[in-house]
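As stored in upload27.tsv (TSV, C-alpha atoms and all ligand atoms):
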chain	number	residue	atom	x	y	z
F	1	MET	CA	268.99	7.35	206.99
F	2	LYS	CA	267.46	5.70	210.02
F	3	PHE	CA	269.68	3.69	212.36
F	4	PHE	CA	268.41	0.39	213.76
F	5	ILE	CA	270.50	-1.83	216.00
F	6	ASP	CA	270.62	-5.50	215.03
F	7	THR	CA	270.69	-7.32	218.35
F	8	ALA	CA	268.55	-8.76	221.10
F	9	ASN	CA	271.13	-7.78	223.74
F	10	ILE	CA	269.46	-5.42	226.22
F	11	ASP	CA	272.70	-3.72	227.37
F	12	GLN	CA	273.72	-2.92	223.80
F	13	ILE	CA	270.22	-1.66	222.98
F	14	ARG	CA	270.39	0.62	226.05
F	15	GLN	CA	273.85	1.88	225.04
F	16	ALA	CA	272.68	2.69	221.49
F	17	GLN	CA	269.49	4.29	222.79
F	18	ALA	CA	271.50	6.48	225.16
F	19	LEU	CA	273.34	8.00	222.17
F	20	GLY	CA	270.07	9.65	221.11
F	21	ILE	CA	270.39	8.61	217.45
F	22	LEU	CA	268.70	5.19	217.51
F	23	ASP	CA	265.50	4.77	215.48
F	24	GLY	CA	264.64	1.11	215.97
F	25	VAL	CA	265.73	-2.49	216.56
F	26	THR	CA	265.87	-5.65	214.49
F	27	THR	CA	266.16	-9.14	215.91
F	28	ASN	CA	266.10	-12.61	214.42
F	29	PRO	CA	265.82	-16.12	215.90
F	30	SER	CA	269.62	-16.52	215.98
F	31	LEU	CA	270.08	-13.23	217.87
F	32	MET	CA	267.36	-14.21	220.38
F	33	ALA	CA	268.99	-17.64	220.86
F	34	LYS	CA	272.37	-15.94	221.42
F	35	GLU	CA	270.84	-14.13	224.42
F	36	GLY	CA	269.48	-17.44	225.74
F	37	ILE	CA	265.82	-16.39	225.40
F	38	LYS	CA	263.75	-19.59	225.42
F	39	GLY	CA	260.01	-20.32	225.42
F	40	GLU	CA	257.12	-18.27	224.09
F	41	SER	CA	256.43	-16.19	227.19
F	42	ASN	CA	260.12	-15.29	227.69
F	43	ILE	CA	260.39	-14.36	224.03
F	44	ARG	CA	257.29	-12.12	224.29
F	45	ASN	CA	258.59	-10.50	227.49
F	46	HIS	CA	261.93	-9.85	225.83
F	47	TYR	CA	260.29	-8.08	222.89
F	48	LYS	CA	258.21	-6.04	225.32
F	49	GLN	CA	261.34	-5.05	227.23
F	50	ILE	CA	262.98	-3.90	223.97
F	51	CYS	CA	259.85	-1.92	223.00
F	52	ASP	CA	259.92	-0.21	226.40
F	53	ILE	CA	263.50	0.94	225.82
F	54	VAL	CA	263.28	2.06	222.18
F	55	LYS	CA	260.24	4.00	221.03
F	56	GLY	CA	260.57	2.98	217.40
F	57	PRO	CA	260.01	-0.04	215.15
F	58	VAL	CA	261.11	-3.39	216.64
F	59	SER	CA	261.24	-6.30	214.20
F	60	ALA	CA	260.12	-9.64	215.66
F	61	GLU	CA	260.53	-12.63	213.37
F	62	VAL	CA	258.02	-15.44	212.82
F	63	ILE	CA	259.21	-19.04	212.87
F	64	SER	CA	256.38	-20.48	210.77
F	65	THR	CA	256.86	-20.94	207.05
F	66	ASP	CA	253.25	-21.70	206.02
F	67	PHE	CA	250.65	-18.99	205.39
F	68	GLU	CA	248.30	-19.86	208.27
F	69	GLY	CA	251.16	-20.23	210.75
F	70	ILE	CA	252.75	-16.91	209.71
F	71	ILE	CA	249.40	-15.12	210.10
F	72	ARG	CA	248.73	-16.66	213.53
F	73	GLU	CA	252.22	-15.92	214.81
F	74	GLY	CA	252.43	-12.46	213.25
F	75	GLU	CA	249.10	-11.29	214.65
F	76	SER	CA	250.09	-12.55	218.07
F	77	LEU	CA	253.50	-10.78	217.92
F	78	ALA	CA	251.79	-7.55	216.82
F	79	GLU	CA	249.71	-7.62	220.02
F	80	ILE	CA	252.84	-7.27	222.18
F	81	ASP	CA	253.30	-3.58	221.34
F	82	PRO	CA	252.17	-1.11	218.65
F	83	ASN	CA	255.82	-0.72	217.56
F	84	ILE	CA	256.27	-4.40	216.69
F	85	VAL	CA	257.05	-5.01	213.01
F	86	ILE	CA	256.31	-8.57	211.87
F	87	LYS	CA	259.43	-9.98	210.26
F	88	VAL	CA	258.53	-12.49	207.56
F	89	PRO	CA	260.94	-14.59	205.47
F	90	MET	CA	261.04	-14.27	201.67
F	91	LEU	CA	258.91	-17.25	200.60
F	92	PRO	CA	255.76	-17.54	198.48
F	93	ASP	CA	253.68	-17.99	201.66
F	94	GLY	CA	255.63	-15.18	203.31
F	95	VAL	CA	254.84	-12.75	200.48
F	96	LYS	CA	251.19	-13.82	200.63
F	97	ALA	CA	251.19	-13.15	204.38
F	98	ILE	CA	252.83	-9.73	203.90
F	99	LYS	CA	250.02	-8.80	201.52
F	100	TYR	CA	247.48	-9.95	204.14
F	101	PHE	CA	249.19	-8.00	206.95
F	102	SER	CA	249.53	-4.86	204.82
F	103	GLU	CA	245.80	-4.93	204.03
F	104	LYS	CA	245.16	-5.18	207.78
F	105	GLY	CA	247.43	-2.18	208.47
F	106	LEU	CA	250.10	-4.28	210.24
F	107	LYS	CA	253.75	-3.38	209.65
F	108	THR	CA	256.07	-5.96	208.08
F	109	ASN	CA	259.74	-6.50	207.36
F	110	CYS	CA	260.49	-8.95	204.54
F	111	THR	CA	263.70	-10.67	205.57
F	112	LEU	CA	266.31	-12.89	203.90
F	113	VAL	CA	266.29	-10.88	200.69
F	114	PHE	CA	269.26	-11.43	198.40
F	115	SER	CA	268.07	-10.26	194.97
F	116	ALA	CA	266.30	-7.37	193.26
F	117	GLY	CA	263.55	-9.75	192.13
F	118	GLN	CA	262.80	-10.70	195.73
F	119	ALA	CA	262.76	-7.01	196.70
F	120	LEU	CA	260.28	-6.32	193.90
F	121	LEU	CA	257.97	-9.04	195.22
F	122	ALA	CA	258.16	-7.63	198.77
F	123	ALA	CA	257.25	-4.14	197.53
F	124	LYS	CA	254.35	-5.41	195.43
F	125	ALA	CA	252.98	-7.20	198.50
F	126	GLY	CA	253.13	-3.91	200.42
F	127	ALA	CA	255.96	-4.70	202.87
F	128	THR	CA	256.81	-1.78	205.15
F	129	TYR	CA	260.50	-2.73	205.01
F	130	VAL	CA	262.59	-4.98	202.80
F	131	SER	CA	265.81	-6.39	204.28
F	132	PRO	CA	268.58	-7.09	201.76
F	133	PHE	CA	271.40	-8.90	203.61
F	134	ILE	CA	274.48	-7.08	202.35
F	135	GLY	CA	277.10	-8.70	204.61
F	136	ARG	CA	276.03	-12.23	203.70
F	137	LEU	CA	276.25	-11.31	199.99
F	138	ASP	CA	279.75	-9.88	200.51
F	139	ASP	CA	280.64	-13.16	202.27
F	140	ILE	CA	280.05	-15.06	199.02
F	141	SER	CA	281.78	-12.48	196.79
F	142	TYR	CA	278.65	-10.68	195.59
F	143	ASP	CA	278.44	-6.92	196.08
F	144	GLY	CA	275.84	-6.24	198.76
F	145	ILE	CA	275.94	-2.47	198.24
F	146	GLU	CA	275.29	-2.94	194.52
F	147	LEU	CA	272.06	-4.72	195.47
F	148	ILE	CA	270.98	-1.72	197.58
F	149	GLN	CA	271.63	0.57	194.58
F	150	GLN	CA	269.63	-1.74	192.30
F	151	ILE	CA	266.66	-1.89	194.67
F	152	ARG	CA	266.79	1.91	195.16
F	153	LEU	CA	266.55	2.39	191.38
F	154	ILE	CA	263.64	-0.04	191.01
F	155	TYR	CA	261.68	1.38	193.95
F	156	ASP	CA	262.21	4.95	192.70
F	157	ASN	CA	261.11	3.98	189.17
F	158	TYR	CA	257.71	2.90	190.49
F	159	LEU	CA	257.44	5.02	193.64
F	160	TYR	CA	257.16	1.96	195.88
F	161	GLU	CA	256.82	3.05	199.49
F	162	THR	CA	258.56	-0.01	200.94
F	163	GLN	CA	261.61	1.18	202.88
F	164	ILE	CA	264.98	-0.34	202.05
F	165	LEU	CA	266.38	-1.65	205.34
F	166	ALA	CA	269.99	-2.59	204.63
F	167	ALA	CA	270.60	-5.60	206.89
F	168	SER	CA	273.56	-7.80	207.73
F	169	VAL	CA	275.64	-4.64	208.05
F	170	ARG	CA	278.98	-5.77	209.48
F	171	HIS	CA	281.10	-2.64	209.88
F	172	THR	CA	281.21	1.12	209.76
F	173	LEU	CA	282.10	1.44	206.06
F	174	HIS	CA	278.93	-0.53	205.26
F	175	VAL	CA	276.94	2.17	207.11
F	176	ILE	CA	278.49	4.93	204.97
F	177	LYS	CA	278.04	2.98	201.73
F	178	CYS	CA	274.38	2.28	202.60
F	179	ALA	CA	273.81	6.01	203.11
F	180	GLU	CA	275.49	6.78	199.76
F	181	ALA	CA	273.34	4.16	198.04
F	182	GLY	CA	270.15	5.69	199.44
F	183	ALA	CA	269.06	3.00	201.91
F	184	ASP	CA	266.19	4.29	204.05
F	185	VAL	CA	267.42	2.39	207.09
F	186	MET	CA	270.49	0.42	208.07
F	187	THR	CA	270.58	-2.19	210.80
F	188	GLY	CA	273.90	-3.20	212.25
F	189	PRO	CA	275.71	-4.22	215.42
F	190	LEU	CA	276.60	-1.59	218.03
F	191	GLN	CA	280.25	-1.43	216.90
F	192	SER	CA	279.24	-0.50	213.34
F	193	ILE	CA	277.53	2.60	214.78
F	194	MET	CA	280.25	3.41	217.34
F	195	GLY	CA	282.88	3.31	214.59
F	196	LEU	CA	281.26	6.36	213.00
F	197	PHE	CA	282.56	8.50	215.88
F	198	ASN	CA	286.20	7.72	215.22
F	199	HIS	CA	288.68	10.02	213.53
F	200	PRO	CA	292.29	10.53	214.65
F	201	LEU	CA	292.12	14.26	213.78
F	202	THR	CA	289.15	14.64	216.13
F	203	ASP	CA	291.19	13.08	218.96
F	204	ILE	CA	294.27	15.19	218.18
F	205	GLY	CA	292.20	18.37	217.79
F	206	LEU	CA	290.29	17.85	221.04
F	207	LYS	CA	293.50	17.09	222.97
F	208	LYS	CA	295.06	20.34	221.67
F	209	PHE	CA	291.95	22.45	222.44
F	210	LEU	CA	291.86	21.15	226.01
F	211	GLU	CA	295.62	21.59	226.53
F	212	ASP	CA	295.47	25.18	225.21
F	213	PHE	CA	292.48	25.95	227.42
F	214	HIS	CA	294.15	24.61	230.59
F	215	ARG	CA	297.46	26.38	229.77
F	216	SER	CA	295.62	29.69	229.29
F	217	GLN	CA	294.00	29.31	232.72
F	218	GLN	CA	297.31	28.94	234.63
C	301	LIG	C1	268.42	-8.76	209.58
C	301	LIG	O1	267.53	-8.07	210.07
C	301	LIG	C2	269.22	-9.74	210.30
C	301	LIG	O2	268.85	-9.72	211.66
C	301	LIG	C3	270.68	-9.47	210.29
C	301	LIG	O3	271.01	-8.19	209.81
C	301	LIG	C4	271.53	-10.58	209.82
C	301	LIG	O4	272.88	-10.21	209.97
C	301	LIG	P1	274.08	-11.26	209.92
C	301	LIG	O5	274.28	-11.64	208.49
C	301	LIG	O6	275.25	-10.48	210.47
C	301	LIG	O7	273.67	-12.43	210.77

Since I need it in another form, could you write the structure as structure tokens?
Ligand code: E4P
Amino acid sequence: MKFFIDTANIDQIRQAQALGILDGVTTNPSLMAKEGIKGESNIRNHYKQICDIVKGPVSAEVISTDFEGIIREGESLAEIDPNIVIKVPMLPDGVKAIKYFSEKGLKTNCTLVFSAGQALLAAKAGATYVSPFIGRLDDISYDGIELIQQIRLIYDNYLYETQILAASVRHTLHVIKCAEAGADVMTGPLQSIMGLFNHPLTDIGLKKFLEDFHRSQQ
């Protein structure tokens, strides 16, 4: 399973990149706003900065919701760097735009997906990635992981090449459950990745190994 970090925070992207296990980055307008990135040229520069740090797919989301606007914005975002993936919301015009981009060989991420039917539409349009938001489903008492399993089954039935990018991952157990469910990619905050390192027996074992080593050297 590929690991993407879901943030526009440069320090956190650098920290995740330094671990050597980061495959890509996802952002959204809320995450960009959280970093205080305003205005078109600052937004473009920020994406470029991220692409210079991580040599993998970087999702940049369009703001337009009509077909022409999505195409204009998406093509312009794709010019920033060859690793830019155009993130398009699940809408009729969005699906139409994904089909257009896929025929042009541009990579897309269909975002705001909350059902298997929406994931089926994204795959039929040729999306590179589909982003089911598992955390937001859990928030309203639906099982986000169950949706990943359902999409996995449907995509495998028809050999769709669209990659399942489990999004809205909130914690470390989500990461494990996404891997069990067969997600191709998960995107989550830095702490969801860092949590994977933790086990008390690792800490106890390492402490004992080091103590024994130092004692044997006295
Ligand atoms: C998807 O790519 C989104 O950026 C993201 O995962 C949303 O997560 P949230 O529900 O924690 O805001």

**Request:** Could you give me, as a PyMOL selection string, every polymer residue with an atom at most 12 Å away from an atom of ligand LIG 301 (chain C), counting only C-alpha atoms and all ligand atoms?
**Result:** chain F and resi 4-8+24-32+34+58-61+85-89+108-114+129-140+144+164-171+174+185-190+192

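Using all atoms listed in the file, the smallest distance between any of F:Leu121, F:Ile53, F:Ala116, F:Ile37 and Leu147 in chain F comes from F:Ala116.
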
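Atom pair CA of Ile70 in chain F / CA of Ile43 in chain F: separated by 16.4 Å.
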
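Going from CA of Cys51 in chain F over to CA of Asp81 in chain F, you cover 7.0 Å.
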
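Here CA of Tyr142 in chain F stands at a distance of 23.8 Å from CA of Phe3 in chain F.
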
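Counting only C-alpha atoms, the residue from F:Ile50, F:Ala33, F:Phe197, F:Arg44 that sits nearest to Asp11 in chain F is F:Ile50.
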
**Request:** Tell me which protein, DNA and RNA residues are within 8 Å of Glu73 in chain F, counting only C-alpha atoms, leaving out same-chain ones fewer than 5 positions away, and put them as a list of chain:residue names.
**Result:** F:Val62, F:Ile63, F:Ser64
